[in-house]
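Contents: one structure, followed by commentary.
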Amino acid sequence: MKDILDYSRPLIAMVHVGGLPGTPGAQQPVSALARQAAEEAQLLARLGVDAVMVENMHDRPFLNRAVGPEIVAAMSAILAAVRRAVGPEIPLGVQILAGANIEALAVAHHAGGQFIRAEGFVYAHVADEGLMPRADAGPLLRYRRHLGAGSVRIFADIKKKHSSHALTADLDPAAMARAAEFFAADAVVVTGPETSQPADPAHLQAVKDSTPLPVLVGSGVTPQNLPALAPFADGFIVGSYLKRDGLWSNPPDAKRVRSMVQSIRRLGPAPRS
């Protein structure tokens, strides 16, 4: 399978699985959640996205890193169902909120994933789940070595959305990107302040100029703002825009997915290979 980071400006489309067992929003058994996620992923792949990432967004309010074994088991079953649905060639990723990066790595490694999105990889911050005082890079990369999961890529958020960064106010996004590079992330993710809000192009440019790592835009991407973001972006993680009415909790809208795929294809090669 081709490495997702070898793609030119990959479009990584989000599948937001329904509430998992034990969470306030849980309504369906895991088998039904897996079937729905697989169907959404299959549609996205058929419409031309480059990769799919599965996330437990409906588990809100999220736990602070310490999700239970039931979440890991459910996400493993769901990711495996998505892998069967899309076949062996579509790269798959996983994020387990909030900050459950080690659990996400285990799920990806054992259920057919190629990458994870990791918050709290470098530096502490205050998330809406509370203080995340420990940077995860050290234990996460050691666990990856322990599992023999070196092929699972780690895409690290910097100045992550839905967070206060007063603790690191003296560090700009470029400094955080350099720290993520130094701690062996495979790519960095830059976001706006909240879901559906775009990244600041000035922040993207500063990050792009500071590190050779691929820079992914992780929130608020639309066909309309692509021209402003594209000069500094190596890829795009897109959720809300691809959904009906642009709302993350809705199912995918085929017309919106086609529009995003076509808009990214028209951009041409990424600014740095």
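Ordering of the structure tokens sets the chain letters (A, B, ...), residue numbers begin anew at 1 in every chain, and ligands are numbered from 1 in the order given.
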Q.
Please list as a ChimeraX atom specification every residue within 10 Å of Asp128 (chain A), counting only C-alpha atoms and excluding residues in the same chain fewer than 4 positions away.
A. /A:61-64,98,132,161-164
**Study point:** strand (DSSP E or B) per DSSP on the backbone: members of region 11-78 of chain A, as a list of chain:residue names
**Key:**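 Output for region 11-78 of chain A, strand (DSSP E or B) only: A:Leu11, A:Ile12, A:Ala13, A:Met14, A:Val15, A:His16, A:Gly19, A:Ala26, A:Ala51, A:Val52, A:Met53, A:Val54, A:Glu55.
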Once you have the residues from the selection above, write them out as an mmCIF file, in the first residue's frame, restricted to N, CA and C atoms.
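Contents of result-v8.cif, as written:
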```cif
data_model
loop_
_atom_site.group_PDB
_atom_site.id
_atom_site.type_symbol
_atom_site.label_atom_id
_atom_site.label_comp_id
_atom_site.auth_asym_id
_atom_site.auth_seq_id
_atom_site.Cartn_x
_atom_site.Cartn_y
_atom_site.Cartn_z
ATOM 1 N N LEU A 11 -6.408 14.086 0.407
ATOM 2 C CA LEU A 11 -7.652 14.431 1.079
ATOM 3 C C LEU A 11 -7.990 13.272 2.017
ATOM 4 N N ILE A 12 -7.880 13.529 3.306
ATOM 5 C CA ILE A 12 -8.193 12.541 4.333
ATOM 6 C C ILE A 12 -9.589 12.873 4.854
ATOM 7 N N ALA A 13 -10.541 12.000 4.583
ATOM 8 C CA ALA A 13 -11.944 12.260 4.922
ATOM 9 C C ALA A 13 -12.301 11.590 6.239
ATOM 10 N N MET A 14 -13.076 12.300 7.045
ATOM 11 C CA MET A 14 -13.442 11.814 8.375
ATOM 12 C C MET A 14 -14.715 10.973 8.345
ATOM 13 N N VAL A 15 -14.667 9.888 9.104
ATOM 14 C CA VAL A 15 -15.864 9.121 9.457
ATOM 15 C C VAL A 15 -16.040 9.250 10.960
ATOM 16 N N HIS A 16 -17.104 9.895 11.381
ATOM 17 C CA HIS A 16 -17.380 10.096 12.805
ATOM 18 C C HIS A 16 -18.354 9.008 13.262
ATOM 19 N N GLY A 19 -22.050 7.129 18.940
ATOM 20 C CA GLY A 19 -21.647 6.982 20.329
ATOM 21 C C GLY A 19 -21.303 5.548 20.684
ATOM 22 N N ALA A 26 -24.520 6.941 23.401
ATOM 23 C CA ALA A 26 -24.617 5.589 22.848
ATOM 24 C C ALA A 26 -26.073 5.202 22.619
ATOM 25 N N ALA A 51 -7.837 8.975 1.542
ATOM 26 C CA ALA A 51 -7.725 8.199 2.772
ATOM 27 C C ALA A 51 -8.935 8.489 3.639
ATOM 28 N N VAL A 52 -9.153 7.627 4.610
ATOM 29 C CA VAL A 52 -10.268 7.770 5.546
ATOM 30 C C VAL A 52 -9.715 7.692 6.961
ATOM 31 N N MET A 53 -10.213 8.578 7.834
ATOM 32 C CA MET A 53 -9.844 8.508 9.247
ATOM 33 C C MET A 53 -11.110 8.358 10.094
ATOM 34 N N VAL A 54 -11.068 7.402 11.004
ATOM 35 C CA VAL A 54 -12.211 7.075 11.860
ATOM 36 C C VAL A 54 -11.991 7.711 13.230
ATOM 37 N N GLU A 55 -13.031 8.379 13.740
ATOM 38 C CA GLU A 55 -12.908 9.114 15.004
ATOM 39 C C GLU A 55 -14.182 8.957 15.817
#
```
Running DSSP on the backbone, which parts of region 27-178 of chain A land in alpha helix (DSSP H), as a VMD selection string? chain A and resid 30 to 46 69 to 86 101 to 111 137 to 147 173 to 178
Using only C-alpha atoms, which protein or nucleic acid residues come within 12 Å of Ala66 (chain A)? Drop anything in the same chain fewer than 5 positions from it, and give the result as a list of chain:residue names.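 Non-adjacent residues within range: A:Ile71, A:Val72, A:Ile96, A:Leu97, A:Ala98, A:Gly99, A:Ala100, A:Asn101, A:Ile102, A:Glu103, A:Ala104, A:Glu129, A:Met132.
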Store the residues picked out above in a file with C-alpha atoms, as a short mmCIF file (atom, residue, chain, number, x, y, z; two decimals), in the first residue's frame.
```cif
data_model
loop_
_atom_site.label_atom_id
_atom_site.label_comp_id
_atom_site.auth_asym_id
_atom_site.auth_seq_id
_atom_site.Cartn_x
_atom_site.Cartn_y
_atom_site.Cartn_z
CA ILE A 71 -13.81 2.00 23.59
CA VAL A 72 -10.63 0.32 22.34
CA ILE A 96 -9.53 8.32 19.78
CA LEU A 97 -10.70 11.35 21.73
CA ALA A 98 -9.50 12.79 23.86
CA GLY A 99 -5.78 12.28 23.60
CA ALA A 100 -5.94 8.48 23.76
CA ASN A 101 -3.00 8.18 21.43
CA ILE A 102 -1.56 4.92 22.71
CA GLU A 103 -4.97 3.29 22.39
CA ALA A 104 -5.33 4.67 18.85
CA GLU A 129 -11.64 17.91 28.79
CA MET A 132 -3.38 17.57 29.57
#
```
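Nearest residue to Phe183 (chain A), choosing from A:Leu140, A:Leu43, A:Ile264, A:Ala80 and counting only C-alpha atoms: A:Leu140.
When the distance limit is 10 Å and only C-alpha atoms are what count, the residues near Ala254 (chain A), minus those fewer than 3 positions from it on the same chain, are Leu43, Leu44, Arg46, Leu47, Leu242, Lys243, Arg244, Pro251, Val257, Arg258, Ser259 and Met260 of chain A.
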Please produce a file of the residues just selected, as a compact mmCIF listing (two decimals), in the first residue's frame, where the atoms kept are C-alpha atoms.
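out18.txt written:
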```
# COMPACT_ATOMS: atom_id res chain seq x y z
CA LEU A 43 -18.94 5.92 -0.28
CA LEU A 44 -16.07 8.30 0.41
CA ARG A 46 -15.82 5.58 -4.29
CA LEU A 47 -16.09 9.36 -4.61
CA LEU A 242 -18.12 16.71 3.47
CA LYS A 243 -21.28 16.19 5.52
CA ARG A 244 -24.86 17.14 4.73
CA PRO A 251 -23.80 11.66 7.05
CA VAL A 257 -17.45 15.23 -1.40
CA ARG A 258 -17.15 15.51 -5.18
CA SER A 259 -16.74 19.27 -4.92
CA MET A 260 -13.90 18.93 -2.40
```
Quick one: everything within 10 Å of Arg153 (chain A), counting only C-alpha atoms, minus sequence neighbours fewer than 4 positions away in the same chain. Send it as a PDB file with N, CA and C atoms, in the first residue's frame.
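Full text of selection03.pdb as output:
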```pdb
ATOM      1  N   ASP A   3       2.190   4.815   0.916  1.00  0.00           N
ATOM      2  CA  ASP A   3       2.156   5.638   2.125  1.00  0.00           C
ATOM      3  C   ASP A   3       1.339   6.893   1.843  1.00  0.00           C
ATOM      4  N   ILE A   4       0.434   7.231   2.752  1.00  0.00           N
ATOM      5  CA  ILE A   4      -0.418   8.392   2.544  1.00  0.00           C
ATOM      6  C   ILE A   4       0.402   9.665   2.390  1.00  0.00           C
ATOM      7  N   LEU A   5       1.575   9.730   3.017  1.00  0.00           N
ATOM      8  CA  LEU A   5       2.398  10.926   2.912  1.00  0.00           C
ATOM      9  C   LEU A   5       3.111  11.021   1.565  1.00  0.00           C
ATOM     10  N   GLY A  93      -6.840   5.781   8.907  1.00  0.00           N
ATOM     11  CA  GLY A  93      -6.315   6.343  10.136  1.00  0.00           C
ATOM     12  C   GLY A  93      -7.342   6.275  11.240  1.00  0.00           C
ATOM     13  N   LEU A 105      -3.034   3.978  18.580  1.00  0.00           N
ATOM     14  CA  LEU A 105      -1.943   3.265  17.924  1.00  0.00           C
ATOM     15  C   LEU A 105      -2.193   1.761  17.940  1.00  0.00           C
ATOM     16  N   ALA A 108      -4.959   0.995  15.400  1.00  0.00           N
ATOM     17  CA  ALA A 108      -4.468   1.077  14.026  1.00  0.00           C
ATOM     18  C   ALA A 108      -3.612  -0.133  13.677  1.00  0.00           C
ATOM     19  N   GLY A 113      -4.971  -0.110  10.226  1.00  0.00           N
ATOM     20  CA  GLY A 113      -4.745   1.309  10.005  1.00  0.00           C
ATOM     21  C   GLY A 113      -3.298   1.623   9.696  1.00  0.00           C
ATOM     22  N   GLN A 114      -3.082   2.762   9.034  1.00  0.00           N
ATOM     23  CA  GLN A 114      -1.730   3.185   8.652  1.00  0.00           C
ATOM     24  C   GLN A 114      -1.271   4.455   9.365  1.00  0.00           C
ATOM     25  N   PHE A 115      -2.188   5.171  10.034  1.00  0.00           N
ATOM     26  CA  PHE A 115      -1.774   6.395  10.709  1.00  0.00           C
ATOM     27  C   PHE A 115      -2.753   6.728  11.822  1.00  0.00           C
ATOM     28  N   ILE A 116      -2.264   7.550  12.769  1.00  0.00           N
ATOM     29  CA  ILE A 116      -3.125   8.080  13.819  1.00  0.00           C
ATOM     30  C   ILE A 116      -2.941   9.592  13.870  1.00  0.00           C
ATOM     31  N   ARG A 117      -3.939  10.257  14.399  1.00  0.00           N
ATOM     32  CA  ARG A 117      -3.832  11.678  14.709  1.00  0.00           C
ATOM     33  C   ARG A 117      -3.704  11.801  16.218  1.00  0.00           C
ATOM     34  N   ARG A 144       5.031   2.252  20.310  1.00  0.00           N
ATOM     35  CA  ARG A 144       5.066   1.864  18.892  1.00  0.00           C
ATOM     36  C   ARG A 144       6.195   0.876  18.639  1.00  0.00           C
ATOM     37  N   ALA A 149       5.094  -1.605  15.558  1.00  0.00           N
ATOM     38  CA  ALA A 149       4.145  -0.872  14.715  1.00  0.00           C
ATOM     39  C   ALA A 149       4.808   0.327  14.049  1.00  0.00           C
ATOM     40  N   ALA A 185       7.677  13.083  15.120  1.00  0.00           N
ATOM     41  CA  ALA A 185       6.369  12.981  14.455  1.00  0.00           C
ATOM     42  C   ALA A 185       6.584  12.787  12.960  1.00  0.00           C
ATOM     43  N   ASP A 186       5.586  12.220  12.306  1.00  0.00           N
ATOM     44  CA  ASP A 186       5.671  12.008  10.856  1.00  0.00           C
ATOM     45  C   ASP A 186       5.062  13.151  10.071  1.00  0.00           C
ATOM     46  N   ALA A 187       4.182  13.921  10.688  1.00  0.00           N
ATOM     47  CA  ALA A 187       3.571  15.103  10.077  1.00  0.00           C
ATOM     48  C   ALA A 187       2.999  15.946  11.202  1.00  0.00           C
TER      49      ALA A 187
END
```
